[in-house]
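Asks: My structure is below; once you've seen it, I'll send some questions.
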Amino acid sequence: MSTSAQPVRLVRPEKKRRRIPIAVIMAMSFGSLVFLSVGGVLALSVGANLRNTFDLLGAQSTLLIDAMEDLLRAEMGRAESAVDGVAQLYKQGEFQIDDEAMSAALASALAAAPGVNAMLICTPDLICRGAAVTGDNDAKYPAGTIRKLPAETEKSPQVRAVLEERQQVDGRRWGAFVANEYGLFANVSAPLSRDGATKAWVIAAVELQNLSKITQELSSRFGTHAFILDGDGSILADQRLASPDALKNGILPLTPLANFGDPVLAGYEARKPEAEFSMQRTRDIEVAEIQVDDKDGSTSWDGENTYVAITREITGYGDRPWTLGAYFKTSQIGDEIERVMGSAMLGLGAMAVAVIVAILLGKRLSRPIQAIAGQATRVADFDLDGVTPLPRSRVLELDNQASAFNAMLIGLRAFSTYIPRSLVAKLVRTGEIGIAEPREAVVTVMFTDIAGFTTLSEQMDAAAAARLLNHHFAILCGAVDAHGGTVDKFLGDGMLAFFGAPDRLKGHAAAAVRAAAAIREELDKDNLEAAGEGRPPLHVRIGIHTGSVIVGNIGASDRVNYTIVGDTVNVSQRLQDLGKQLEPGATAAIAISGETASRLDERFERIPAGKHRLRGRGEATEVFQLGKVATSASPPMDVHRAQAG
């Protein structure tokens, strides 16, 4: 395996093309953009004297929405804290399911969490028990009483669906709304786990009418109309829903906005967002105008029936976001906003044109650059088969770059024929300085040889013998690469490979043995196909040994091999020779040393073959034959991790 190369100049015929320098394009484009941007700034400066009005509206809007979000999260946070607390008590063993301590824990959690109406503990069989706070309309118990709910199987299909869905999700989670005779409830749940096993789920229910009380309070405080929407299409909380008689009067949560009876909210989906409020955009607040139809059914944007709506979306309480908002008449902030709308039209239009032009130009110029970056990434990974030549361009610099890249690709493909791509990719991927410098390392070496190939090749012409060898080595290299090994060199009909360098593979012994087992399996399949294709079957001997070697770049300055040297290589070769005695007729006779075998676990069947005195070694070497290898989702790690790599 050499990395020597001679400079080669690939001359390609140049075709004259009309090309435009990128400097000209950039100058013209950015000049136009600057002109448009300056024009927009000048147009917007007409409304500079009105900015105080916008700042005041922005501050009020942010204050209102922040206050609404703080109150809402505090309300819902009490429910979250309640289920978290109960789950922690269960984890610490403070109570068991359905004992008196459980009832006491639930009652304490309810007492400490105002706004939480009920807490249940449900087991996987959908049997729930718990405690609930009685409401004003409960005839049996005084309002505010915490009463125990006996264990019973949940019968409501809606609730059963929520519970079954909850069992599929880990961690604390807000579920779908649940309706019963007492109202509509949001619910948050958490698993009750102990010793790594989930036994049940604790659920806290919050009546949505509690959220309407928040909107009622804020509406009174800020002199506006606060609301909470489920997504964009239905009402979740509103001051009208805060009334105790709301349910009796048919005013229900989750009613579509068009049917709720509020003409302003009915026009919410047709609102016109205002883009001028930069403060709101930075705080995720939208400011929009809503037009209410006149009595005759007509729509006019004359300001008389125009409202301003300020909204913010929040997440975390179900599958859909909630929209916090409030609306008020435009007359509450003066007529300045309408004059600002008129004076800003020109500036906004110019800015919109500039943005569109910039986007189109950027996309146009970025396409070839992105193509070059993508192909260069594949080259960096040495995935030359996946690299495609770059198309020519009318832009001078891009065209020159494409030509140079394509010429480089041709040279790299020619060069890569003589070096192992997987090795180069590993060296590049490690990113370590001096990774290829010679060093001492413990690796696992594999040596293979085809049994009787000399006799077999005498019966074939040179081309046929070469095709057979190339086909055989493709099987071997595929198995080695798949298990993280490095092919060192081919020696006639043999192959030398090693595992554990240049990347420090901790499980290199197991990886090498799995690669050998894969070779044996692939050769069995290939020999069956060879019988039908008229090819001679091949039998291979494989020797595997783990030990210390010198690994790195070895050779002269103009011809270097990344290779290994040391006694470990000789031992693996001797083990390969020993396959003649151990399994003379096997498709793959695999002999592994005791050092390698000691690093394997029970998934590898090691058949003792005794101790053998290998040529060149003074002491006898313990040898094993490889039997069955159990499949594994991931390669096993070496037993001797401290010695690996």
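So you can find residues: chains in the structure tokens are A, B, ... in the order shown, residues in each start at 1, and ligands are numbered from 1 in order.
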With only C-alpha atoms as the counted atoms, please give the residues lying no more than 6 Å from Asn117 (chain A), apart from itself and same-chain residues fewer than 2 positions off, as an MDAnalysis selection string.

Replies: chainID A and resid 132:133 205:206

Asks: How would the residues just chosen look if you wrote them out with all heavy atoms as a compact mmCIF listing (two decimals), in the first residue's frame?

Replies:
```
# COMPACT_ATOMS: atom_id res chain seq x y z
N ALA A 132 -60.69 14.86 45.18
CA ALA A 132 -61.21 15.99 44.41
C ALA A 132 -61.70 17.06 45.36
O ALA A 132 -62.09 16.79 46.50
CB ALA A 132 -62.34 15.54 43.48
N VAL A 133 -61.68 18.30 44.88
CA VAL A 133 -62.19 19.44 45.64
C VAL A 133 -63.61 19.72 45.17
O VAL A 133 -63.84 19.90 43.96
CB VAL A 133 -61.30 20.68 45.43
CG1 VAL A 133 -61.85 21.87 46.22
CG2 VAL A 133 -59.87 20.39 45.86
N ALA A 205 -56.08 17.67 37.55
CA ALA A 205 -57.06 18.29 36.65
C ALA A 205 -57.28 19.74 37.04
O ALA A 205 -57.42 20.06 38.23
CB ALA A 205 -58.39 17.52 36.70
N VAL A 206 -57.29 20.62 36.04
CA VAL A 206 -57.51 22.05 36.26
C VAL A 206 -58.71 22.46 35.42
O VAL A 206 -58.71 22.30 34.20
CB VAL A 206 -56.26 22.87 35.84
CG1 VAL A 206 -56.54 24.36 36.03
CG2 VAL A 206 -55.04 22.44 36.63
```

Asks: Which residue out of A:Leu324, A:Ile65, A:Ile564, A:Met446 has the minimum interatomic distance to Ile519 (chain A) when only C-alpha atoms are used?

Replies: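 For Ile519 (chain A), the nearest of the given residues is A:Met446.
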
Asks: Return the single residue from A:Ala176, A:Leu491, A:Ala242, A:Ala609 that is closest to Ser219 (chain A), with distances computed using only C-alpha atoms.

Replies: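 Checking each candidate against Ser219 (chain A), we get A:Ala242 as the closest.
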
Asks: Using only C-alpha atoms, can you tell me which of A:Phe498, A:Trp201, A:Tyr327, A:Phe227 comes closest to Arg271 (chain A)?

Replies: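 Among the listed residues, the smallest separation from Arg271 (chain A) belongs to A:Tyr327.
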
Asks: Nearest residue to Thr486 (chain A) out of A:Lys248, A:Arg574, A:Lys155, A:His508, using only C-alpha atoms?

Replies: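 Looking at the shortest contact to Thr486 (chain A), the residue is A:His508.
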
Asks: For Trp174 (chain A), which of A:Glu80, A:Glu397, A:Asp262, A:Glu437 is the closest residue, counting only C-alpha atoms?

Replies: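 Selected residue with least distance to Trp174 (chain A): A:Glu80.
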
Asks: Select, from A:Gly552, A:Asn570, A:Leu252, A:Glu289, the residue with the minimum atom-to-atom distance to Leu614 (chain A), counting only C-alpha atoms.

Replies: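 Checking each candidate against Leu614 (chain A), we get A:Asn570 as the closest.
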
Asks: Which residues come within 10 Å of Thr153 (chain A), counting only C-alpha atoms, excluding same-chain residues fewer than 2 positions away, as a list in words?

Replies: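 Final neighbour list, sorted by chain and number: Cys122, Thr123, Asp125, Leu126, Ile127, Cys128, Arg129, Pro150, Ala151, Lys155, Ser156 and Arg160 of chain A.
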
Asks: I'd like the neighbourhood of Gly492 (chain A) as a ChimeraX atom specification, where a residue qualifies if any of its atoms comes within 12 Å (using only C-alpha atoms), though same-chain residues fewer than 2 positions away should be ignored.

Replies: /A:448-450,453-454,457,465-466,469-470,473,489-490,494-496

Asks: Quick check for you: according to DSSP on this backbone, which residues of region 386-582 of chain A are classed as helix (DSSP H, G or I)? Reply as number ranges by chain.

Replies: A: 386, 396-416, 421-430, 453-457, 462-482, 508-533, 567-582

Asks: Report the distance between CA of Ala326 (chain A) and CA of Ala270 (chain A) in Å, rounded to one decimal place.

Replies: 15.8 Å

Asks: Run DSSP on the backbone of this structure and report the residues of region 528-560 of chain A it assigns to strand (DSSP E), as a list of chain:residue names.

Replies: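 Here are the strand (DSSP E) residues of region 528-560 of chain A: A:Val540, A:Arg541, A:Ile542, A:Gly543, A:Ile544, A:His545, A:Thr546, A:Gly547, A:Ser548, A:Val549, A:Ile550, A:Val551, A:Gly552, A:Asn553, A:Ile554, A:Gly555, A:Ala556, A:Arg559, A:Val560.
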
Asks: Those residues you just picked out, can you put them in a file as a PDB file, in the first residue's frame with N, CA, C and O atoms?

Replies:
```
ATOM      1  N   VAL A 540     -10.381 -20.982   2.306  1.00  0.00           N
ATOM      2  CA  VAL A 540      -9.430 -20.015   2.843  1.00  0.00           C
ATOM      3  C   VAL A 540      -9.020 -20.413   4.248  1.00  0.00           C
ATOM      4  O   VAL A 540      -9.793 -21.029   4.998  1.00  0.00           O
ATOM      5  N   ARG A 541      -7.781 -20.098   4.582  1.00  0.00           N
ATOM      6  CA  ARG A 541      -7.264 -20.282   5.940  1.00  0.00           C
ATOM      7  C   ARG A 541      -7.040 -18.895   6.538  1.00  0.00           C
ATOM      8  O   ARG A 541      -6.496 -17.999   5.878  1.00  0.00           O
ATOM      9  N   ILE A 542      -7.480 -18.720   7.781  1.00  0.00           N
ATOM     10  CA  ILE A 542      -7.399 -17.419   8.445  1.00  0.00           C
ATOM     11  C   ILE A 542      -6.711 -17.589   9.791  1.00  0.00           C
ATOM     12  O   ILE A 542      -7.098 -18.462  10.589  1.00  0.00           O
ATOM     13  N   GLY A 543      -5.699 -16.785  10.041  1.00  0.00           N
ATOM     14  CA  GLY A 543      -5.031 -16.754  11.339  1.00  0.00           C
ATOM     15  C   GLY A 543      -5.227 -15.410  11.995  1.00  0.00           C
ATOM     16  O   GLY A 543      -5.075 -14.365  11.353  1.00  0.00           O
ATOM     17  N   ILE A 544      -5.555 -15.399  13.291  1.00  0.00           N
ATOM     18  CA  ILE A 544      -5.837 -14.158  14.020  1.00  0.00           C
ATOM     19  C   ILE A 544      -5.065 -14.177  15.329  1.00  0.00           C
ATOM     20  O   ILE A 544      -5.126 -15.148  16.098  1.00  0.00           O
ATOM     21  N   HIS A 545      -4.344 -13.092  15.579  1.00  0.00           N
ATOM     22  CA  HIS A 545      -3.557 -12.978  16.819  1.00  0.00           C
ATOM     23  C   HIS A 545      -3.579 -11.525  17.273  1.00  0.00           C
ATOM     24  O   HIS A 545      -3.556 -10.592  16.465  1.00  0.00           O
ATOM     25  N   THR A 546      -3.607 -11.321  18.589  1.00  0.00           N
ATOM     26  CA  THR A 546      -3.601  -9.992  19.190  1.00  0.00           C
ATOM     27  C   THR A 546      -2.284  -9.767  19.905  1.00  0.00           C
ATOM     28  O   THR A 546      -1.838 -10.620  20.684  1.00  0.00           O
ATOM     29  N   GLY A 547      -1.673  -8.635  19.631  1.00  0.00           N
ATOM     30  CA  GLY A 547      -0.405  -8.339  20.282  1.00  0.00           C
ATOM     31  C   GLY A 547       0.100  -6.967  19.916  1.00  0.00           C
ATOM     32  O   GLY A 547      -0.547  -6.186  19.215  1.00  0.00           O
ATOM     33  N   SER A 548       1.307  -6.682  20.392  1.00  0.00           N
ATOM     34  CA  SER A 548       1.915  -5.364  20.178  1.00  0.00           C
ATOM     35  C   SER A 548       2.618  -5.319  18.831  1.00  0.00           C
ATOM     36  O   SER A 548       3.279  -6.281  18.425  1.00  0.00           O
ATOM     37  N   VAL A 549       2.449  -4.175  18.121  1.00  0.00           N
ATOM     38  CA  VAL A 549       3.096  -3.963  16.836  1.00  0.00           C
ATOM     39  C   VAL A 549       3.574  -2.518  16.768  1.00  0.00           C
ATOM     40  O   VAL A 549       3.210  -1.682  17.588  1.00  0.00           O
ATOM     41  N   ILE A 550       4.400  -2.239  15.759  1.00  0.00           N
ATOM     42  CA  ILE A 550       4.715  -0.863  15.381  1.00  0.00           C
ATOM     43  C   ILE A 550       3.820  -0.530  14.195  1.00  0.00           C
ATOM     44  O   ILE A 550       3.844  -1.218  13.178  1.00  0.00           O
ATOM     45  N   VAL A 551       2.994   0.522  14.326  1.00  0.00           N
ATOM     46  CA  VAL A 551       2.048   0.875  13.285  1.00  0.00           C
ATOM     47  C   VAL A 551       2.256   2.336  12.898  1.00  0.00           C
ATOM     48  O   VAL A 551       2.498   3.184  13.751  1.00  0.00           O
ATOM     49  N   GLY A 552       2.202   2.619  11.610  1.00  0.00           N
ATOM     50  CA  GLY A 552       2.346   3.980  11.131  1.00  0.00           C
ATOM     51  C   GLY A 552       2.980   4.011   9.760  1.00  0.00           C
ATOM     52  O   GLY A 552       3.098   2.991   9.062  1.00  0.00           O
ATOM     53  N   ASN A 553       3.380   5.203   9.328  1.00  0.00           N
ATOM     54  CA  ASN A 553       4.027   5.372   8.031  1.00  0.00           C
ATOM     55  C   ASN A 553       5.451   4.834   8.089  1.00  0.00           C
ATOM     56  O   ASN A 553       6.272   5.306   8.879  1.00  0.00           O
ATOM     57  N   ILE A 554       5.732   3.855   7.239  1.00  0.00           N
ATOM     58  CA  ILE A 554       7.056   3.236   7.197  1.00  0.00           C
ATOM     59  C   ILE A 554       7.490   3.185   5.741  1.00  0.00           C
ATOM     60  O   ILE A 554       6.743   2.709   4.876  1.00  0.00           O
ATOM     61  N   GLY A 555       8.701   3.659   5.455  1.00  0.00           N
ATOM     62  CA  GLY A 555       9.205   3.625   4.093  1.00  0.00           C
ATOM     63  C   GLY A 555      10.070   4.829   3.804  1.00  0.00           C
ATOM     64  O   GLY A 555      10.446   5.599   4.702  1.00  0.00           O
ATOM     65  N   ALA A 556      10.430   4.993   2.526  1.00  0.00           N
ATOM     66  CA  ALA A 556      11.229   6.139   2.110  1.00  0.00           C
ATOM     67  C   ALA A 556      10.353   7.366   1.958  1.00  0.00           C
ATOM     68  O   ALA A 556       9.129   7.289   1.965  1.00  0.00           O
ATOM     69  N   ARG A 559       7.991   7.128  -0.971  1.00  0.00           N
ATOM     70  CA  ARG A 559       7.148   5.926  -1.062  1.00  0.00           C
ATOM     71  C   ARG A 559       6.931   5.391   0.350  1.00  0.00           C
ATOM     72  O   ARG A 559       7.818   4.776   0.932  1.00  0.00           O
ATOM     73  N   VAL A 560       5.772   5.682   0.894  1.00  0.00           N
ATOM     74  CA  VAL A 560       5.483   5.372   2.285  1.00  0.00           C
ATOM     75  C   VAL A 560       4.287   4.427   2.357  1.00  0.00           C
ATOM     76  O   VAL A 560       3.313   4.590   1.621  1.00  0.00           O
TER      77      VAL A 560
END
```

Asks: Residues near Gly231 (chain A), anyone? I mean within 9 Å using only C-alpha atoms, not counting same-chain ones fewer than 4 positions away, as a list in words.

Replies: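 Skipping anything fewer than 4 positions along the chain leaves Ile235, Glu313, Arg320, Pro321, Trp322 and Thr323 of chain A.
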
Asks: Atoms to include: all heavy atoms. Write the selected residues as a PDB file, in the first residue's frame.

Replies:
```pdb
ATOM      1  N   ILE A 235     -62.407  29.275  21.465  1.00  0.00           N
ATOM      2  CA  ILE A 235     -62.194  30.008  22.704  1.00  0.00           C
ATOM      3  C   ILE A 235     -61.826  29.043  23.822  1.00  0.00           C
ATOM      4  O   ILE A 235     -62.386  27.942  23.934  1.00  0.00           O
ATOM      5  CB  ILE A 235     -63.452  30.828  23.077  1.00  0.00           C
ATOM      6  CG1 ILE A 235     -63.131  31.824  24.190  1.00  0.00           C
ATOM      7  CG2 ILE A 235     -64.594  29.902  23.452  1.00  0.00           C
ATOM      8  CD1 ILE A 235     -62.296  32.979  23.721  1.00  0.00           C
ATOM      9  N   GLU A 313     -48.350  33.423  21.116  1.00  0.00           N
ATOM     10  CA  GLU A 313     -48.541  31.979  21.221  1.00  0.00           C
ATOM     11  C   GLU A 313     -47.588  31.409  22.262  1.00  0.00           C
ATOM     12  O   GLU A 313     -46.418  31.782  22.310  1.00  0.00           O
ATOM     13  CB  GLU A 313     -48.300  31.293  19.874  1.00  0.00           C
ATOM     14  CG  GLU A 313     -49.428  31.455  18.883  1.00  0.00           C
ATOM     15  CD  GLU A 313     -49.279  30.531  17.688  1.00  0.00           C
ATOM     16  OE1 GLU A 313     -48.226  29.860  17.588  1.00  0.00           O
ATOM     17  OE2 GLU A 313     -50.200  30.480  16.863  1.00  0.00           O
ATOM     18  N   ARG A 320     -51.537  21.474  20.780  1.00  0.00           N
ATOM     19  CA  ARG A 320     -51.638  22.731  20.036  1.00  0.00           C
ATOM     20  C   ARG A 320     -51.206  23.895  20.920  1.00  0.00           C
ATOM     21  O   ARG A 320     -51.409  23.857  22.140  1.00  0.00           O
ATOM     22  CB  ARG A 320     -53.075  22.948  19.546  1.00  0.00           C
ATOM     23  CG  ARG A 320     -53.493  21.998  18.441  1.00  0.00           C
ATOM     24  CD  ARG A 320     -54.857  22.349  17.909  1.00  0.00           C
ATOM     25  NE  ARG A 320     -55.897  22.207  18.917  1.00  0.00           N
ATOM     26  CZ  ARG A 320     -57.199  22.353  18.687  1.00  0.00           C
ATOM     27  NH1 ARG A 320     -57.609  22.682  17.476  1.00  0.00           N
ATOM     28  NH2 ARG A 320     -58.082  22.190  19.647  1.00  0.00           N
ATOM     29  N   PRO A 321     -50.629  24.943  20.332  1.00  0.00           N
ATOM     30  CA  PRO A 321     -50.264  26.105  21.138  1.00  0.00           C
ATOM     31  C   PRO A 321     -51.502  26.858  21.603  1.00  0.00           C
ATOM     32  O   PRO A 321     -52.562  26.790  20.976  1.00  0.00           O
ATOM     33  CB  PRO A 321     -49.412  26.943  20.174  1.00  0.00           C
ATOM     34  CG  PRO A 321     -49.889  26.559  18.814  1.00  0.00           C
ATOM     35  CD  PRO A 321     -50.259  25.103  18.904  1.00  0.00           C
ATOM     36  N   TRP A 322     -51.375  27.578  22.687  1.00  0.00           N
ATOM     37  CA  TRP A 322     -52.430  28.468  23.162  1.00  0.00           C
ATOM     38  C   TRP A 322     -52.081  29.891  22.736  1.00  0.00           C
ATOM     39  O   TRP A 322     -50.901  30.260  22.673  1.00  0.00           O
ATOM     40  CB  TRP A 322     -52.560  28.413  24.683  1.00  0.00           C
ATOM     41  CG  TRP A 322     -53.117  27.106  25.184  1.00  0.00           C
ATOM     42  CD1 TRP A 322     -53.422  26.004  24.443  1.00  0.00           C
ATOM     43  CD2 TRP A 322     -53.404  26.780  26.549  1.00  0.00           C
ATOM     44  NE1 TRP A 322     -53.896  25.001  25.248  1.00  0.00           N
ATOM     45  CE2 TRP A 322     -53.907  25.445  26.556  1.00  0.00           C
ATOM     46  CE3 TRP A 322     -53.304  27.452  27.748  1.00  0.00           C
ATOM     47  CZ2 TRP A 322     -54.282  24.802  27.727  1.00  0.00           C
ATOM     48  CZ3 TRP A 322     -53.676  26.816  28.923  1.00  0.00           C
ATOM     49  CH2 TRP A 322     -54.163  25.509  28.912  1.00  0.00           C
ATOM     50  N   THR A 323     -53.083  30.672  22.460  1.00  0.00           N
ATOM     51  CA  THR A 323     -52.891  32.069  22.074  1.00  0.00           C
ATOM     52  C   THR A 323     -53.413  32.967  23.183  1.00  0.00           C
ATOM     53  O   THR A 323     -54.603  32.958  23.490  1.00  0.00           O
ATOM     54  CB  THR A 323     -53.615  32.384  20.753  1.00  0.00           C
ATOM     55  OG1 THR A 323     -53.104  31.541  19.717  1.00  0.00           O
ATOM     56  CG2 THR A 323     -53.395  33.831  20.361  1.00  0.00           C
TER      57      THR A 323
END
```

Asks: Name the residues in contact with Asp98 (chain A) at a cut-off of 12 Å, using only C-alpha atoms, excluding same-chain residues fewer than 3 positions from it; report them as a CSV table (one decimal) with N, CA and C atoms, in the first residue's frame.

Replies:
```
chain,number,residue,atom,x,y,z
A,90,TYR,N,-43.7,9.0,45.8
A,90,TYR,CA,-43.8,7.6,45.4
A,90,TYR,C,-42.4,7.0,45.2
A,95,PHE,N,-45.5,6.1,49.9
A,95,PHE,CA,-46.8,5.5,49.9
A,95,PHE,C,-46.8,4.4,48.9
A,101,ALA,N,-51.7,6.2,53.0
A,101,ALA,CA,-50.7,7.2,52.8
A,101,ALA,C,-50.8,7.9,51.4
A,102,MET,N,-51.3,7.1,50.4
A,102,MET,CA,-51.5,7.7,49.1
A,102,MET,C,-52.6,8.7,49.2
A,103,SER,N,-53.7,8.4,49.9
A,103,SER,CA,-54.8,9.4,50.0
A,103,SER,C,-54.4,10.6,50.7
A,104,ALA,N,-53.5,10.5,51.7
A,104,ALA,CA,-53.0,11.6,52.4
A,104,ALA,C,-52.1,12.5,51.5
A,105,ALA,N,-51.3,11.8,50.7
A,105,ALA,CA,-50.4,12.6,49.8
A,105,ALA,C,-51.2,13.4,48.8
A,106,LEU,N,-52.3,12.7,48.2
A,106,LEU,CA,-53.1,13.4,47.2
A,106,LEU,C,-53.8,14.6,47.9
A,120,LEU,N,-55.8,12.3,40.5
A,120,LEU,CA,-56.1,10.9,40.4
A,120,LEU,C,-54.7,10.1,40.2
A,121,ILE,N,-54.8,8.9,40.6
A,121,ILE,CA,-53.7,7.9,40.3
A,121,ILE,C,-54.3,6.8,39.6
A,122,CYS,N,-53.9,6.6,38.3
A,122,CYS,CA,-54.4,5.5,37.5
A,122,CYS,C,-53.4,4.5,37.1
A,123,THR,N,-53.8,3.3,37.3
A,123,THR,CA,-52.9,2.1,36.9
A,123,THR,C,-53.1,1.7,35.5
A,127,ILE,N,-57.8,1.6,36.1
A,127,ILE,CA,-58.5,1.8,37.4
A,127,ILE,C,-57.9,3.1,38.0
A,128,CYS,N,-58.8,4.0,38.4
A,128,CYS,CA,-58.3,5.3,39.0
A,128,CYS,C,-58.9,5.5,40.3
A,129,ARG,N,-58.1,6.1,41.2
A,129,ARG,CA,-58.6,6.5,42.5
A,129,ARG,C,-57.9,7.8,42.8
A,130,GLY,N,-58.4,8.5,43.8
A,130,GLY,CA,-57.8,9.8,44.1
A,130,GLY,C,-58.6,10.7,45.0
A,131,ALA,N,-58.5,12.0,44.8
A,131,ALA,CA,-59.2,13.0,45.6
A,131,ALA,C,-59.6,14.2,44.8
A,148,LYS,N,-62.4,11.9,49.1
A,148,LYS,CA,-61.7,10.8,48.5
A,148,LYS,C,-62.5,10.2,47.4
A,149,LEU,N,-61.9,9.8,46.3
A,149,LEU,CA,-62.5,9.2,45.2
A,149,LEU,C,-62.1,7.7,45.2
A,150,PRO,N,-63.1,6.8,45.4
A,150,PRO,CA,-62.7,5.3,45.5
A,150,PRO,C,-62.2,4.8,44.2
A,151,ALA,N,-61.5,3.7,44.3
A,151,ALA,CA,-60.9,3.1,43.1
A,151,ALA,C,-62.0,2.5,42.2
A,152,GLU,N,-62.1,2.8,41.0
A,152,GLU,CA,-63.0,2.2,40.0
A,152,GLU,C,-62.5,2.3,38.6
A,199,LYS,N,-45.3,2.2,37.6
A,199,LYS,CA,-46.5,1.4,38.2
A,199,LYS,C,-47.8,2.1,37.9
A,200,ALA,N,-47.8,3.4,37.8
A,200,ALA,CA,-49.1,4.1,37.6
A,200,ALA,C,-48.7,5.5,37.1
```

Asks: What is the distance, in Å and to one decimal place, between CA of Leu575 (chain A) and CA of Ile607 (chain A)?

Replies: 14.6 Å

Asks: List as a list in words the protein and nucleic acid residues near Ala82 (chain A), meaning an atom at most 8 Å away when only C-alpha atoms are counted, but skip any in the same chain fewer than 2 places from it.

Replies: Arg78, Ala79, Glu80, Asp84, Gly85, Val86, Ala109, Leu110, Ala112, Ala113 and Ala204 of chain A

Asks: For the residues selected in the previous step, produce a file with all heavy atoms as an mmCIF file, in the first residue's frame.

Replies:
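Saved to part16.cif:
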```cif
data_model
loop_
_atom_site.group_PDB
_atom_site.id
_atom_site.type_symbol
_atom_site.label_atom_id
_atom_site.label_comp_id
_atom_site.auth_asym_id
_atom_site.auth_seq_id
_atom_site.Cartn_x
_atom_site.Cartn_y
_atom_site.Cartn_z
ATOM 1 N N ARG A 78 -48.823 25.268 39.323
ATOM 2 C CA ARG A 78 -49.216 24.612 40.575
ATOM 3 C C ARG A 78 -49.628 23.169 40.327
ATOM 4 O O ARG A 78 -49.328 22.281 41.128
ATOM 5 C CB ARG A 78 -50.345 25.407 41.225
ATOM 6 C CG ARG A 78 -49.889 26.721 41.852
ATOM 7 C CD ARG A 78 -50.954 27.320 42.745
ATOM 8 N NE ARG A 78 -52.060 27.867 41.971
ATOM 9 C CZ ARG A 78 -52.142 29.118 41.555
ATOM 10 N NH1 ARG A 78 -51.148 29.957 41.831
ATOM 11 N NH2 ARG A 78 -53.177 29.553 40.879
ATOM 12 N N ALA A 79 -50.315 22.938 39.207
ATOM 13 C CA ALA A 79 -50.685 21.559 38.869
ATOM 14 C C ALA A 79 -49.445 20.724 38.557
ATOM 15 O O ALA A 79 -49.337 19.563 38.962
ATOM 16 C CB ALA A 79 -51.651 21.554 37.679
ATOM 17 N N GLU A 80 -48.483 21.323 37.817
ATOM 18 C CA GLU A 80 -47.253 20.587 37.500
ATOM 19 C C GLU A 80 -46.472 20.254 38.761
ATOM 20 O O GLU A 80 -45.953 19.137 38.917
ATOM 21 C CB GLU A 80 -46.398 21.415 36.541
ATOM 22 C CG GLU A 80 -47.034 21.603 35.168
ATOM 23 C CD GLU A 80 -46.231 22.558 34.293
ATOM 24 O OE1 GLU A 80 -45.393 23.302 34.847
ATOM 25 O OE2 GLU A 80 -46.438 22.561 33.066
ATOM 26 N N ASP A 84 -45.536 16.497 40.188
ATOM 27 C CA ASP A 84 -44.114 16.216 40.419
ATOM 28 C C ASP A 84 -43.862 15.826 41.867
ATOM 29 O O ASP A 84 -43.075 14.919 42.169
ATOM 30 C CB ASP A 84 -43.266 17.426 40.049
ATOM 31 C CG ASP A 84 -43.199 17.655 38.549
ATOM 32 O OD1 ASP A 84 -43.555 16.726 37.798
ATOM 33 O OD2 ASP A 84 -42.794 18.758 38.130
ATOM 34 N N GLY A 85 -44.536 16.534 42.798
ATOM 35 C CA GLY A 85 -44.350 16.224 44.210
ATOM 36 C C GLY A 85 -44.846 14.843 44.574
ATOM 37 O O GLY A 85 -44.183 14.099 45.305
ATOM 38 N N VAL A 86 -46.033 14.479 44.070
ATOM 39 C CA VAL A 86 -46.568 13.147 44.354
ATOM 40 C C VAL A 86 -45.675 12.066 43.744
ATOM 41 O O VAL A 86 -45.402 11.034 44.361
ATOM 42 C CB VAL A 86 -48.014 13.027 43.830
ATOM 43 C CG1 VAL A 86 -48.517 11.594 43.956
ATOM 44 C CG2 VAL A 86 -48.932 13.970 44.592
ATOM 45 N N ALA A 109 -51.429 17.414 48.449
ATOM 46 C CA ALA A 109 -51.081 18.079 47.186
ATOM 47 C C ALA A 109 -52.212 18.996 46.737
ATOM 48 O O ALA A 109 -51.965 20.112 46.247
ATOM 49 C CB ALA A 109 -50.779 17.033 46.115
ATOM 50 N N LEU A 110 -53.458 18.558 46.891
ATOM 51 C CA LEU A 110 -54.591 19.405 46.522
ATOM 52 C C LEU A 110 -54.658 20.647 47.398
ATOM 53 O O LEU A 110 -54.920 21.757 46.910
ATOM 54 C CB LEU A 110 -55.894 18.605 46.634
ATOM 55 C CG LEU A 110 -56.280 17.723 45.450
ATOM 56 C CD1 LEU A 110 -57.524 16.928 45.780
ATOM 57 C CD2 LEU A 110 -56.510 18.573 44.212
ATOM 58 N N ALA A 112 -52.281 22.179 48.792
ATOM 59 C CA ALA A 112 -51.167 23.087 48.507
ATOM 60 C C ALA A 112 -51.213 23.660 47.102
ATOM 61 O O ALA A 112 -50.328 24.441 46.738
ATOM 62 C CB ALA A 112 -49.836 22.361 48.723
ATOM 63 N N ALA A 113 -52.195 23.268 46.301
ATOM 64 C CA ALA A 113 -52.247 23.715 44.907
ATOM 65 C C ALA A 113 -53.615 24.315 44.598
ATOM 66 O O ALA A 113 -54.477 23.652 44.007
ATOM 67 C CB ALA A 113 -51.955 22.556 43.961
ATOM 68 N N ALA A 204 -53.316 15.529 37.520
ATOM 69 C CA ALA A 204 -53.944 16.695 38.146
ATOM 70 C C ALA A 204 -54.859 17.362 37.125
ATOM 71 O O ALA A 204 -54.459 17.582 35.986
ATOM 72 C CB ALA A 204 -52.892 17.674 38.648
#
```

Asks: Record the distance separating CA of Asp503 (chain A) and CA of Ala515 (chain A), expressed in Å with one decimal.

Replies: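 Atom-to-atom, CA of Asp503 (chain A) and CA of Ala515 (chain A) are spaced 16.6 Å apart.
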